[in-house]
$ cat protein_16.txt   # compact mmCIF, C-alpha atoms (C1' of nucleotides)
# COMPACT_ATOMS: atom_id res chain seq x y z
CA MET A 1 96.79 77.76 82.37
CA SER A 2 97.65 81.33 83.12
CA ARG A 3 94.93 83.87 83.50
CA ARG A 4 93.99 86.42 80.86
CA ILE A 5 93.14 89.68 82.55
CA LEU A 6 92.16 93.03 81.07
CA LEU A 7 92.25 96.42 82.76
CA VAL A 8 89.90 98.94 81.17
CA ASP A 9 90.86 102.50 82.08
CA CYS A 10 88.90 105.57 81.00
CA ASP A 11 91.08 108.25 79.38
CA GLN A 12 91.10 111.46 81.49
CA PHE A 13 87.69 110.37 82.77
CA PHE A 14 86.58 113.54 84.59
CA VAL A 15 87.64 115.68 81.64
CA GLN A 16 85.57 113.52 79.28
CA CYS A 17 82.57 113.79 81.61
CA ALA A 18 82.93 117.57 81.98
CA ARG A 19 82.96 117.88 78.19
CA LEU A 20 79.88 115.70 77.82
CA ALA A 21 78.11 117.76 80.47
CA ASP A 22 78.81 121.04 78.64
CA PRO A 23 79.54 120.32 74.96
CA ASP A 24 79.57 123.97 73.85
CA GLY A 25 81.68 125.24 76.75
CA ALA A 26 84.10 122.76 78.32
CA GLY A 27 83.55 120.54 75.30
CA ARG A 28 85.37 123.01 73.05
CA GLU A 29 88.12 123.86 75.55
CA GLU A 30 91.42 122.16 74.84
CA LEU A 31 93.05 123.45 78.04
CA LEU A 32 90.68 122.14 80.68
CA LEU A 33 91.18 121.50 84.39
CA VAL A 34 88.50 119.61 86.27
CA GLY A 35 88.36 119.98 90.02
CA GLY A 36 89.53 122.95 91.95
CA SER A 37 87.22 124.19 94.62
CA PRO A 38 85.31 127.36 95.39
CA SER A 39 87.19 127.53 98.69
CA GLY A 40 90.40 128.16 96.82
CA ARG A 41 92.00 125.16 98.52
CA GLY A 42 91.30 122.69 95.76
CA VAL A 43 93.49 120.44 93.68
CA VAL A 44 93.19 119.26 90.08
CA THR A 45 91.14 116.07 89.85
CA SER A 46 91.78 115.57 86.15
CA ALA A 47 93.80 117.58 83.63
CA SER A 48 93.15 117.49 79.89
CA TYR A 49 95.99 116.18 77.73
CA GLY A 50 96.48 119.73 76.41
CA THR A 51 97.33 121.06 79.87
CA ARG A 52 99.63 118.15 80.66
CA ALA A 53 102.06 119.51 78.08
CA PHE A 54 102.55 122.42 80.51
CA GLY A 55 103.48 120.08 83.35
CA VAL A 56 100.05 120.05 84.96
CA ARG A 57 99.19 116.81 86.79
CA SER A 58 96.19 115.60 88.69
CA GLY A 59 96.53 116.06 92.44
CA MET A 60 98.35 119.34 91.93
CA PRO A 61 96.93 122.41 93.74
CA THR A 62 94.73 124.29 91.25
CA ALA A 63 96.61 127.51 91.93
CA GLN A 64 99.89 125.88 90.94
CA ALA A 65 98.32 124.38 87.82
CA LEU A 66 97.09 127.81 86.74
CA ARG A 67 100.55 129.26 87.22
CA LEU A 68 101.91 126.62 84.83
CA CYS A 69 99.05 126.98 82.37
CA PRO A 70 97.33 130.36 82.84
CA ALA A 71 95.08 129.93 79.79
CA ALA A 72 93.39 126.84 81.22
CA ARG A 73 89.74 126.89 82.16
CA VAL A 74 88.71 125.34 85.50
CA VAL A 75 85.35 123.58 85.84
CA PRO A 76 83.91 121.57 88.76
CA VAL A 77 83.60 117.78 88.71
CA PRO A 78 80.17 116.86 87.30
CA ARG A 79 79.58 114.27 90.04
CA GLY A 80 76.23 112.92 88.95
CA LEU A 81 77.25 112.44 85.34
CA CYS A 82 80.52 110.76 86.37
CA GLY A 83 78.59 108.20 88.41
CA ARG A 84 76.18 107.50 85.56
CA LYS A 85 78.98 107.17 82.98
CA SER A 86 80.88 104.84 85.27
CA ARG A 87 77.84 102.57 85.48
CA ASP A 88 77.24 102.82 81.71
CA VAL A 89 80.82 101.69 81.02
CA ARG A 90 80.52 98.79 83.44
CA ALA A 91 77.29 97.66 81.83
CA VAL A 92 79.04 97.42 78.46
CA LEU A 93 81.95 95.46 79.97
CA GLU A 94 79.57 92.97 81.56
CA ARG A 95 78.33 92.01 78.10
CA PHE A 96 81.76 90.47 77.46
CA THR A 97 82.31 88.60 80.74
CA PRO A 98 80.48 88.39 84.07
CA VAL A 99 83.78 88.68 85.93
CA VAL A 100 84.11 92.47 86.11
CA GLU A 101 85.61 94.15 89.17
CA PRO A 102 85.43 97.95 89.34
CA ALA A 103 88.73 99.15 90.80
CA SER A 104 87.71 102.80 91.01
CA ILE A 105 85.21 105.10 89.36
CA ASP A 106 87.17 105.04 86.09
CA GLU A 107 88.72 101.59 85.80
CA ALA A 108 87.71 97.96 85.98
CA TYR A 109 89.40 94.58 85.77
CA MET A 110 87.95 91.81 83.60
CA ASP A 111 88.91 88.13 83.80
CA MET A 112 88.84 86.93 80.20
CA THR A 113 90.38 83.51 80.84
CA GLY A 114 88.88 81.09 78.32
CA THR A 115 87.18 83.71 76.17
CA GLU A 116 89.63 83.27 73.31
CA ALA A 117 88.08 79.89 72.59
CA LEU A 118 84.59 81.27 73.15
CA TYR A 119 84.96 84.28 70.86
CA ARG A 120 87.29 82.51 68.38
CA GLU A 121 89.68 85.45 68.24
CA PRO A 122 92.84 86.64 69.97
CA LEU A 123 92.41 88.65 73.18
CA GLU A 124 93.73 91.69 71.34
CA ALA A 125 90.77 91.59 68.93
CA THR A 126 88.28 91.21 71.78
CA ALA A 127 89.85 94.17 73.56
CA GLN A 128 89.47 96.27 70.41
CA ARG A 129 85.79 95.29 70.20
CA ILE A 130 85.33 96.25 73.88
CA ARG A 131 86.93 99.63 73.21
CA SER A 132 84.59 100.28 70.28
CA ALA A 133 81.52 99.12 72.16
CA VAL A 134 82.23 101.42 75.13
CA LEU A 135 82.79 104.34 72.78
CA ASP A 136 79.58 103.63 70.85
CA ASP A 137 77.28 102.83 73.76
CA ALA A 138 78.66 104.91 76.64
CA ALA A 139 80.40 107.68 74.67
CA ILE A 140 83.57 107.21 76.71
CA SER A 141 87.04 106.60 75.31
CA VAL A 142 89.03 103.94 77.17
CA SER A 143 92.46 102.37 77.01
CA ILE A 144 92.85 98.65 77.62
CA GLY A 145 95.79 96.64 78.88
CA GLY A 146 96.00 92.87 79.04
CA GLY A 147 98.22 90.22 80.58
CA ALA A 148 98.52 87.23 82.87
CA SER A 149 98.11 89.27 86.04
CA ARG A 150 96.30 92.36 87.25
CA LEU A 151 99.68 94.05 87.57
CA VAL A 152 100.71 93.47 83.96
CA ALA A 153 97.25 94.40 82.66
CA LYS A 154 97.37 97.66 84.61
CA LEU A 155 100.84 98.60 83.42
CA ALA A 156 100.00 97.63 79.83
CA ALA A 157 96.96 99.93 79.93
CA GLY A 158 99.24 102.76 81.00
CA SER A 159 101.45 102.20 77.97
CA ALA A 160 98.38 101.99 75.70
CA LYS A 161 97.11 105.45 76.62
CA PRO A 162 95.40 107.28 75.14
CA ALA A 163 92.71 105.37 73.30
CA GLY A 164 94.79 102.26 72.68
CA VAL A 165 95.06 98.55 73.39
CA ARG A 166 98.18 96.73 74.57
CA ILE A 167 98.24 93.01 75.29
CA VAL A 168 101.30 91.38 76.85
CA GLU A 169 101.40 87.78 75.62
CA PRO A 170 102.07 84.90 78.04
CA GLY A 171 105.81 84.48 78.55
CA ALA A 172 106.60 88.06 77.57
CA GLU A 173 105.98 89.50 81.05
CA ILE A 174 109.58 89.92 82.17
CA ASP A 175 110.64 91.59 78.95
CA PHE A 176 107.69 93.94 79.29
CA MET A 177 108.55 94.76 82.91
CA ARG A 178 112.27 95.23 82.16
CA ALA A 179 111.69 98.62 80.50
CA LEU A 180 109.98 100.13 83.57
CA ARG A 181 111.15 102.03 86.58
CA LEU A 182 110.35 100.63 90.03
CA SER A 183 108.25 103.72 90.78
CA ASP A 184 105.98 102.71 87.87
CA ILE A 185 104.84 99.63 89.84
CA PRO A 186 101.54 100.18 91.65
CA GLY A 187 102.29 99.99 95.36
CA VAL A 188 105.72 101.61 94.99
CA GLY A 189 104.96 105.16 96.04
CA PRO A 190 107.30 108.08 96.70
CA VAL A 191 108.46 106.81 100.11
CA PHE A 192 109.22 103.23 99.05
CA ALA A 193 110.80 104.44 95.78
CA ALA A 194 113.14 106.75 97.67
CA HIS A 195 114.06 103.89 100.02
CA LEU A 196 114.84 101.64 97.06
CA GLU A 197 116.84 104.36 95.38
CA ARG A 198 119.06 104.73 98.44
CA MET A 199 119.89 101.04 98.02
CA GLY A 200 120.81 101.58 94.41
CA LEU A 201 117.56 100.24 92.97
CA SER A 202 115.64 102.54 90.68
CA THR A 203 114.82 100.36 87.68
CA VAL A 204 113.10 97.00 87.26
CA GLU A 205 116.21 95.89 85.35
CA ALA A 206 118.36 96.49 88.42
CA ALA A 207 115.94 94.71 90.74
CA LEU A 208 115.77 91.68 88.42
CA ALA A 209 119.49 91.17 88.99
CA VAL A 210 119.02 90.74 92.76
CA ASN A 211 117.98 87.28 94.00
CA GLU A 212 115.10 86.77 96.39
CA VAL A 213 117.21 86.10 99.48
CA ALA A 214 119.22 89.28 98.96
CA LEU A 215 116.07 91.33 98.34
CA CYS A 216 114.61 90.04 101.61
CA GLN A 217 117.82 90.96 103.44
CA MET A 218 117.61 94.47 102.02
CA LEU A 219 113.90 95.11 102.47
CA GLY A 220 112.65 92.61 105.01
CA ARG A 221 110.89 89.37 104.23
CA THR A 222 107.45 90.74 103.32
CA ARG A 223 108.51 93.59 101.09
CA GLY A 224 111.44 91.64 99.63
CA ARG A 225 109.19 88.83 98.45
CA TRP A 226 106.59 91.29 97.27
CA LEU A 227 109.06 93.19 95.07
CA TYR A 228 110.71 89.99 93.81
CA ARG A 229 107.38 88.88 92.39
CA ARG A 230 106.25 92.28 91.11
CA VAL A 231 109.32 92.93 88.98
CA ARG A 232 108.55 89.62 87.27
CA GLY A 233 104.98 90.68 86.56
CA ILE A 234 103.51 88.33 89.14
CA ASP A 235 100.77 89.12 91.64
CA GLY A 236 98.35 86.84 93.40
CA GLY A 237 95.38 88.99 92.61
CA VAL A 238 92.14 87.45 91.44
CA VAL A 239 89.38 89.43 89.72
CA ARG A 240 86.43 89.43 92.10
CA PRO A 241 83.10 90.87 91.00
CA ASP A 242 80.58 92.21 93.51
CA LEU A 243 83.03 93.56 96.01
CA ARG A 244 81.25 95.39 98.78
CA SER A 245 83.00 98.44 100.10
CA ARG A 246 84.63 98.12 103.51
CA SER A 247 84.13 101.70 104.64
CA LEU A 248 82.16 104.85 103.89
CA SER A 249 83.36 108.33 104.67
CA ARG A 250 82.69 112.02 104.23
CA GLU A 251 85.13 114.81 104.84
CA GLU A 252 85.43 118.51 104.20
CA THR A 253 88.27 120.96 103.96
CA PHE A 254 87.00 124.31 105.16
CA PRO A 255 87.45 127.52 103.15
CA LEU A 256 88.97 128.97 106.32
CA ASP A 257 90.32 127.05 109.31
CA ILE A 258 87.84 126.65 112.17
CA ASP A 259 88.91 126.99 115.77
CA ASP A 260 85.52 127.42 117.43
CA ASP A 261 84.18 124.25 119.11
CA ALA A 262 80.55 125.07 118.46
CA ALA A 263 81.22 125.77 114.78
CA LEU A 264 83.12 122.50 114.48
CA GLU A 265 80.26 120.58 116.08
CA THR A 266 77.89 122.09 113.55
CA GLU A 267 80.09 120.77 110.74
CA LEU A 268 80.31 117.43 112.53
CA LEU A 269 76.54 117.18 112.63
CA ALA A 270 76.24 117.72 108.88
CA LEU A 271 78.99 115.23 108.02
CA ALA A 272 77.75 112.56 110.43
CA SER A 273 74.23 112.85 109.05
CA ARG A 274 75.54 112.36 105.54
CA VAL A 275 77.52 109.28 106.58
CA ALA A 276 74.48 107.83 108.32
CA ALA A 277 72.33 108.50 105.25
CA ASP A 278 74.98 106.78 103.09
CA LEU A 279 74.87 103.75 105.38
CA ARG A 280 71.10 103.47 105.04
CA GLU A 281 71.26 103.99 101.30
CA HIS A 282 73.71 101.09 101.04
CA ASP A 283 71.68 99.06 103.50
CA VAL A 284 74.57 98.46 105.85
CA ARG A 285 75.34 99.17 109.48
CA ALA A 286 78.70 100.21 110.87
CA ARG A 287 80.33 99.06 114.09
CA THR A 288 83.25 101.47 113.97
CA ILE A 289 83.07 105.26 113.70
CA THR A 290 86.23 107.29 113.11
CA VAL A 291 86.61 111.06 113.34
CA LYS A 292 89.51 112.65 111.50
CA LEU A 293 90.86 116.13 112.18
CA ARG A 294 93.50 117.90 110.14
CA ASP A 295 95.04 120.76 112.07
CA ALA A 296 96.14 124.05 110.55
CA ASP A 297 99.73 122.73 110.37
CA PHE A 298 98.45 119.81 108.25
CA ARG A 299 99.00 117.24 110.99
CA THR A 300 96.23 114.66 110.77
CA ARG A 301 94.80 112.96 113.85
CA ARG A 302 92.13 110.32 114.26
CA ALA A 303 90.04 108.83 116.99
CA SER A 304 87.81 105.81 116.56
CA ARG A 305 85.40 103.72 118.55
CA THR A 306 83.95 100.30 117.93
CA LEU A 307 80.44 99.70 119.23
CA ARG A 308 78.91 96.42 120.30
CA THR A 309 76.41 96.50 117.47
CA GLY A 310 76.27 98.11 114.05
CA VAL A 311 74.50 101.47 113.72
CA GLU A 312 72.82 103.35 110.87
CA SER A 313 70.81 106.13 112.55
CA ASP A 314 71.74 109.80 112.53
CA ARG A 315 71.50 109.92 116.31
CA ALA A 316 73.89 107.04 117.02
CA VAL A 317 76.50 108.16 114.46
CA VAL A 318 76.35 111.78 115.66
CA ALA A 319 76.53 110.83 119.34
CA THR A 320 79.55 108.59 118.78
CA ALA A 321 81.33 111.12 116.57
CA ARG A 322 80.74 113.95 119.02
CA VAL A 323 82.56 112.14 121.84
CA LEU A 324 85.49 111.39 119.52
CA LEU A 325 85.73 114.99 118.30
CA ARG A 326 85.80 116.27 121.86
CA ARG A 327 88.57 113.84 122.72
CA LEU A 328 90.66 115.00 119.75
CA ARG A 329 90.08 118.65 120.57
CA ALA A 330 91.06 118.09 124.19
CA ALA A 331 94.30 116.37 123.20
CA ARG A 332 95.51 119.20 121.01
CA ARG A 333 94.06 122.65 120.50
CA SER A 334 94.67 123.96 117.03
CA ALA A 335 92.49 125.48 114.33
CA ALA A 336 91.12 122.72 112.09
CA ARG A 337 91.39 122.79 108.31
CA LEU A 338 89.61 119.48 107.74
CA LEU A 339 87.03 117.40 109.52
CA GLY A 340 86.03 113.91 108.39
CA ILE A 341 83.90 111.01 109.55
CA ALA A 342 84.29 107.41 108.46
CA ALA A 343 82.12 104.35 109.09
CA SER A 344 83.74 100.91 108.91
CA GLY A 345 83.19 97.42 110.20
CA LEU A 346 80.21 97.45 107.85
CA ASP A 347 77.62 94.82 108.54
CA GLY A 348 79.96 93.50 111.17
CA SER A 349 78.20 90.87 113.22
CA ASP A 350 77.26 91.89 116.71
CA PHE A 351 79.89 91.30 119.29
CA GLY A 352 77.31 90.04 121.73
CA ASP A 353 78.21 89.77 125.40
CA GLN A 354 81.73 88.47 124.99
CA LEU A 355 83.10 91.85 125.91
CA ALA A 356 81.38 94.75 127.52
CA LEU A 357 83.74 97.29 125.99
CA PHE A 358 82.35 100.44 127.50
CA ASP A 359 79.74 101.14 130.11
CA ASP A 360 78.71 104.23 128.18
CA ASP A 361 78.48 102.45 124.83
CA VAL A 362 76.18 104.13 122.33
CA VAL A 363 73.13 101.99 121.75
CA GLU A 364 70.81 102.43 118.82
CA SER A 365 67.13 101.77 119.35
CA VAL A 366 64.54 100.60 116.86
CA ARG A 367 62.99 104.01 117.22
CA ASP A 368 66.26 105.72 116.20
CA ARG A 369 66.30 103.65 113.03
CA GLN A 370 62.68 104.34 112.23
CA LEU A 371 63.16 108.05 112.77
CA SER A 372 66.09 108.15 110.33
CA ARG A 373 64.22 106.11 107.73
CA VAL A 374 61.25 108.44 107.92
CA THR A 375 63.58 111.42 107.54
CA ASP A 376 65.02 109.79 104.41
CA GLN A 377 61.53 109.38 102.95
CA LEU A 378 60.65 113.01 103.62
CA ARG A 379 63.88 114.25 102.08
CA LYS A 380 63.24 112.10 99.04
CA ARG A 381 59.77 113.54 98.57
CA PHE A 382 60.24 117.15 99.56
CA GLY A 383 63.96 117.82 99.05
CA ALA A 384 67.02 117.86 101.26
CA SER A 385 66.00 121.04 103.05
CA ALA A 386 62.66 119.60 104.21
CA ILE A 387 64.20 118.41 107.48
CA ARG A 388 66.69 120.29 109.57
CA THR A 389 68.96 117.68 111.10
CA GLY A 390 69.89 119.52 114.27
CA ARG A 391 66.42 119.53 115.79
CA LEU A 392 65.98 115.80 115.64
CA LEU A 393 69.36 114.88 116.96
CA ASP A 394 69.93 116.84 120.08
CA ARG A 395 69.01 114.20 122.58
CA SER A 396 72.51 113.39 123.78
C1' DT B 1 96.33 131.25 96.72
C1' DC B 2 100.27 124.82 99.35
C1' DT B 3 98.64 120.42 99.95
C1' DG B 4 90.68 117.44 97.76
C1' DG B 5 87.83 113.56 98.66
C1' DG B 6 86.94 108.85 98.38
C1' DG B 7 88.92 104.63 99.24
C1' DT B 8 92.34 100.07 100.45
C1' DC B 9 95.80 97.71 102.97
C1' DC B 10 99.54 97.15 106.40
C1' DT B 11 101.92 97.58 110.90
C1' DA B 12 102.52 97.61 115.75
C1' DG B 13 101.30 97.62 120.53
C1' DG B 14 98.12 96.44 124.20
C1' DA B 15 94.09 93.88 125.99
C1' DC B 16 92.20 89.66 126.50
C1' DC B 17 91.40 84.65 125.93
C1' DC B 18 92.85 79.83 125.80
C1' DT C 1 105.15 81.76 142.48
C1' DC C 2 106.86 81.81 138.05
C1' DT C 3 106.58 81.52 133.26
C1' DG C 4 105.03 80.51 128.28
C1' DG C 5 102.93 81.21 123.42
C1' DG C 6 99.21 81.78 119.84
C1' DG C 7 95.17 84.09 118.14
C1' DT C 8 91.87 87.84 117.77
C1' DC C 9 90.21 92.36 118.40
C1' DC C 10 90.80 97.30 118.85
C1' DT C 11 93.22 101.65 118.04
C1' DA C 12 96.28 104.95 115.69
C1' DG C 13 99.09 106.08 112.08
C1' DG C 14 100.87 105.90 107.51
C1' DA C 15 101.69 104.55 102.59
C1' DC C 16 99.40 104.31 98.58
C1' DC C 17 95.83 104.70 94.62
C1' DC C 18 92.49 107.28 91.49
$ encode --input "protein_16.txt" --output "structure tokens"
Amino acid sequence: MSRRILLVDCDQFFVQCARLADPDGAGREELLLVGGSPSGRGVVTSASYGTRAFGVRSGMPTAQALRLCPAARVVPVPRGLCGRKSRDVRAVLERFTPVVEPASIDEAYMDMTGTEALYREPLEATAQRIRSAVLDDAAISVSIGGGASRLVAKLAAGSAKPAGVRIVEPGAEIDFMRALRLSDIPGVGPVFAAHLERMGLSTVEAALAVNEVALCQMLGRTRGRWLYRRVRGIDGGVVRPDLRSRSLSREETFPLDIDDDAALETELLALASRVAADLREHDVRARTITVKLRDADFRTRRASRTLRTGVESDRAVVATARVLLRRLRAARRSAARLLGIAASGLDGSDFGDQLALFDDDVVESVRDRQLSRVTDQLRKRFGASAIRTGRLLDRS
DNA sequence: TCTGGGGTCCTAGGACCC
DNA sequence: TCTGGGGTCCTAGGACCC
């Protein structure tokens, strides 16, 4: 039996949250842009439907959006409320099935296979009840798509927007896909779409006419097979609840580019401390630390290092990141517009003695961990400014 | 007023092991 | 002295998504 999957997608999620956060201000504003940045280098995170009529899209530089729609009001993302609303929505969804997989802050997949017998109603009716329940109990409007695969559910949700439900019945997948462009398929971004276009393929209809062998000859075996299945609405994806994240990161684009090494190290210290605090909050340790630099000319460079054992303390993360930053700076001197730090290899098991990767490997002591945990406690009780990170860390 | 911040997955080469 | 593959891990970069 084929699977019955729903994708629940919040309508203009950040706009809805901004309106809930300020009902009398943003709540009354039809032309609303959420995002931007005090630095003036921001982009639109979410644009209200009113502004989209002017050509505004999310991801667009705020300055450009305001040129298209000068009457729009710009408000910051209400981060805390967005997180709470996201959890509220998920809690409602979990009343309908335990198999809920959040795909991002504003969408989640649900595996509803078998629930038609359980609820004694078509999937369409259940989806309508889910929509109403989320609106009533979380005050968030969602659109819901349904189908035999994650791919079809996702695309159906797109066609249901805003505030609608669209279920693609089993067997109707190809006819549903036929109306789409290849660039509508998740995973076909601007680069791949342009490549396909050069080969004369821009619509799903056109790709359906090419057999699998020919597609593989055109695109290579992996991508040929991948596209052959996608245009037929097929993906191998399973809905998996309780997915743990594979990496944690923090990054910052500076209001003005920074070329001074000492100033960059100060920023590094702040970012690395935040990453380390995030690791402890999630109760994980990271074996790999990556530092990312974006130069003034927008070229992005990275350097990473995998340690023998996972780390979670401020000192170990900072010490590792500092070496990587110096290496990047030595390789190319340019003012930096962005600095970022990522932690991955989370909870990776210790590599033991199989390989002594580096003689100068950063090692984290029990004392380092205790010190960071105590700092966390103090910050929790007395506020973030209770402890100045720099003093505690400068042992390297 | 050019281009945010948080992620996932894939590829490709080299090191190293069996 | 010459000649292999296969598998895994690490690193760097890039496409892509919301």
$ residues_around --input "protein_16.txt" --residues "DA12 in chain C" --least-positions-apart "6" --cutoff "12 Å" --atoms "only C-alpha atoms (C1' of nucleotides)" --output "number ranges by chain"
A: 290-292, 300-305; B: 11-13
$ closest_atom_pairs --input "protein_16.txt" --of "chain C" --to "chain A" --cutoff "12 Å" --atoms "all atoms listed in the file" --output "tab-separated table"
residue	atom	partner	partner_atom	distance
C:DC9	C1'	A:Thr306	CA	10.1
C:DC10	C1'	A:Thr306	CA	7.5
C:DT11	C1'	A:Ser304	CA	7.0
C:DA12	C1'	A:Arg302	CA	6.9
C:DG13	C1'	A:Arg301	CA	8.3
C:DG14	C1'	A:Thr300	CA	10.4
C:DA15	C1'	A:Gly189	CA	7.3
C:DC16	C1'	A:Gly187	CA	6.1
C:DC17	C1'	A:Pro186	CA	7.9
C:DC18	C1'	A:Ser104	CA	6.6
$ residues_around --input "protein_16.txt" --residues "range 28-37 of chain A" --least-positions-apart "2" --cutoff "8 Å" --atoms "all atoms listed in the file" --output "VMD selection string"
chain A and resid 14 to 15 18 to 19 23 to 26 39 to 51 61 to 62 71 to 77
$ axis_aligned_box --input "protein_16.txt" --around "range 311-319 of chain A" --padding-each-side "8 Å" --output "JSON"
{"center_x": 73.7, "center_y": 106.6, "center_z": 115.1, "size_x": 21.7, "size_y": 26.3, "size_z": 24.5}
$ residues_around --input "protein_16.txt" --residues "range 321-330 of chain A" --least-positions-apart "3" --cutoff "10 Å" --atoms "only C-alpha atoms (C1' of nucleotides)" --output "number ranges by chain"
A: 259, 261, 264-265, 268-269, 271-272, 289-293, 301-305, 315-318, 333-336, 339-342, 396
$ closest_residue --input "protein_16.txt" --among "A:Val275, A:Arg381, A:Leu248, A:Val8" --to "DG7 in chain B" --atoms "only C-alpha atoms (C1' of nucleotides)"
A:Leu248
$ residues_near_point --input "protein_16.txt" --point "(92.8, 131.1, 103.1)" --cutoff "12 Å" --atoms "all atoms listed in the file" --output "PDB file with C-alpha atoms (C1' of nucleotides), keeping the file's coordinate frame"
ATOM      1  CA  PRO A  38      85.310 127.360  95.390  1.00  0.00           C
ATOM      2  CA  SER A  39      87.190 127.530  98.690  1.00  0.00           C
ATOM      3  CA  GLY A  40      90.400 128.160  96.820  1.00  0.00           C
ATOM      4  CA  ARG A  41      92.000 125.160  98.520  1.00  0.00           C
ATOM      5  CA  GLY A  42      91.300 122.690  95.760  1.00  0.00           C
ATOM      6  CA  THR A 253      88.270 120.960 103.960  1.00  0.00           C
ATOM      7  CA  PHE A 254      87.000 124.310 105.160  1.00  0.00           C
ATOM      8  CA  PRO A 255      87.450 127.520 103.150  1.00  0.00           C
ATOM      9  CA  LEU A 256      88.970 128.970 106.320  1.00  0.00           C
ATOM     10  CA  ASP A 257      90.320 127.050 109.310  1.00  0.00           C
ATOM     11  CA  ILE A 258      87.840 126.650 112.170  1.00  0.00           C
ATOM     12  CA  ALA A 296      96.140 124.050 110.550  1.00  0.00           C
ATOM     13  CA  ARG A 337      91.390 122.790 108.310  1.00  0.00           C
TER      14      ARG A 337
ATOM     15  C1'  DT B   1      96.330 131.250  96.720  1.00  0.00           C
ATOM     16  C1'  DC B   2     100.270 124.820  99.350  1.00  0.00           C
TER      17       DC B   2
END
$ atom_distance --input "protein_16.txt" --atom1 "CA of Arg178 in chain A" --atom2 "CA of Tyr228 in chain A"
12.9 Å
$ atom_distance --input "protein_16.txt" --atom1 "CA of Gln370 in chain A" --atom2 "CA of Ala384 in chain A"
17.9 Å
$ closest_residue --input "protein_16.txt" --among "A:Glu197, A:Glu251, A:Asp368, A:Asp88" --to "DG5 in chain B" --atoms "only C-alpha atoms (C1' of nucleotides)"
A:Glu251
$ atom_distance --input "protein_16.txt" --atom1 "CA of Ile5 in chain A" --atom2 "CA of Leu123 in chain A"
9.5 Å
$ build_atoms --input "protein_16.txt" --residues "range 296-300 of chain A" --atoms "all heavy atoms" --output "mmCIF file, keeping the file's coordinate frame"
data_model
loop_
_atom_site.group_PDB
_atom_site.id
_atom_site.type_symbol
_atom_site.label_atom_id
_atom_site.label_comp_id
_atom_site.auth_asym_id
_atom_site.auth_seq_id
_atom_site.Cartn_x
_atom_site.Cartn_y
_atom_site.Cartn_z
ATOM 1 N N ALA A 296 95.668 122.998 111.450
ATOM 2 C CA ALA A 296 96.140 124.050 110.550
ATOM 3 C C ALA A 296 97.541 123.739 110.017
ATOM 4 O O ALA A 296 97.875 124.090 108.890
ATOM 5 C CB ALA A 296 96.136 125.397 111.265
ATOM 6 N N ASP A 297 98.367 123.059 110.822
ATOM 7 C CA ASP A 297 99.730 122.730 110.370
ATOM 8 C C ASP A 297 99.772 121.439 109.558
ATOM 9 O O ASP A 297 100.839 120.893 109.320
ATOM 10 C CB ASP A 297 100.676 122.639 111.577
ATOM 11 C CG ASP A 297 100.265 121.543 112.553
ATOM 12 O OD1 ASP A 297 99.271 120.836 112.285
ATOM 13 O OD2 ASP A 297 100.941 121.395 113.586
ATOM 14 N N PHE A 298 98.604 120.962 109.139
ATOM 15 C CA PHE A 298 98.450 119.810 108.250
ATOM 16 C C PHE A 298 98.686 118.472 108.964
ATOM 17 O O PHE A 298 98.672 117.426 108.350
ATOM 18 C CB PHE A 298 99.370 119.897 107.020
ATOM 19 C CG PHE A 298 98.694 119.399 105.773
ATOM 20 C CD1 PHE A 298 97.709 120.148 105.154
ATOM 21 C CD2 PHE A 298 99.018 118.160 105.242
ATOM 22 C CE1 PHE A 298 97.073 119.678 104.021
ATOM 23 C CE2 PHE A 298 98.383 117.681 104.099
ATOM 24 C CZ PHE A 298 97.407 118.454 103.486
ATOM 25 N N ARG A 299 98.906 118.510 110.259
ATOM 26 C CA ARG A 299 99.000 117.240 110.990
ATOM 27 C C ARG A 299 97.608 116.617 111.076
ATOM 28 O O ARG A 299 96.631 117.303 111.390
ATOM 29 C CB ARG A 299 99.556 117.494 112.391
ATOM 30 C CG ARG A 299 99.657 116.240 113.214
ATOM 31 C CD ARG A 299 100.396 116.507 114.511
ATOM 32 N NE ARG A 299 99.931 115.576 115.530
ATOM 33 C CZ ARG A 299 100.140 115.725 116.840
ATOM 34 N NH1 ARG A 299 100.794 116.796 117.254
ATOM 35 N NH2 ARG A 299 99.699 114.843 117.695
ATOM 36 N N THR A 300 97.519 115.338 110.790
ATOM 37 C CA THR A 300 96.230 114.660 110.770
ATOM 38 C C THR A 300 96.121 113.710 111.951
ATOM 39 O O THR A 300 97.030 112.928 112.218
ATOM 40 C CB THR A 300 96.068 113.870 109.455
ATOM 41 O OG1 THR A 300 96.253 114.759 108.362
ATOM 42 C CG2 THR A 300 94.689 113.242 109.373
#
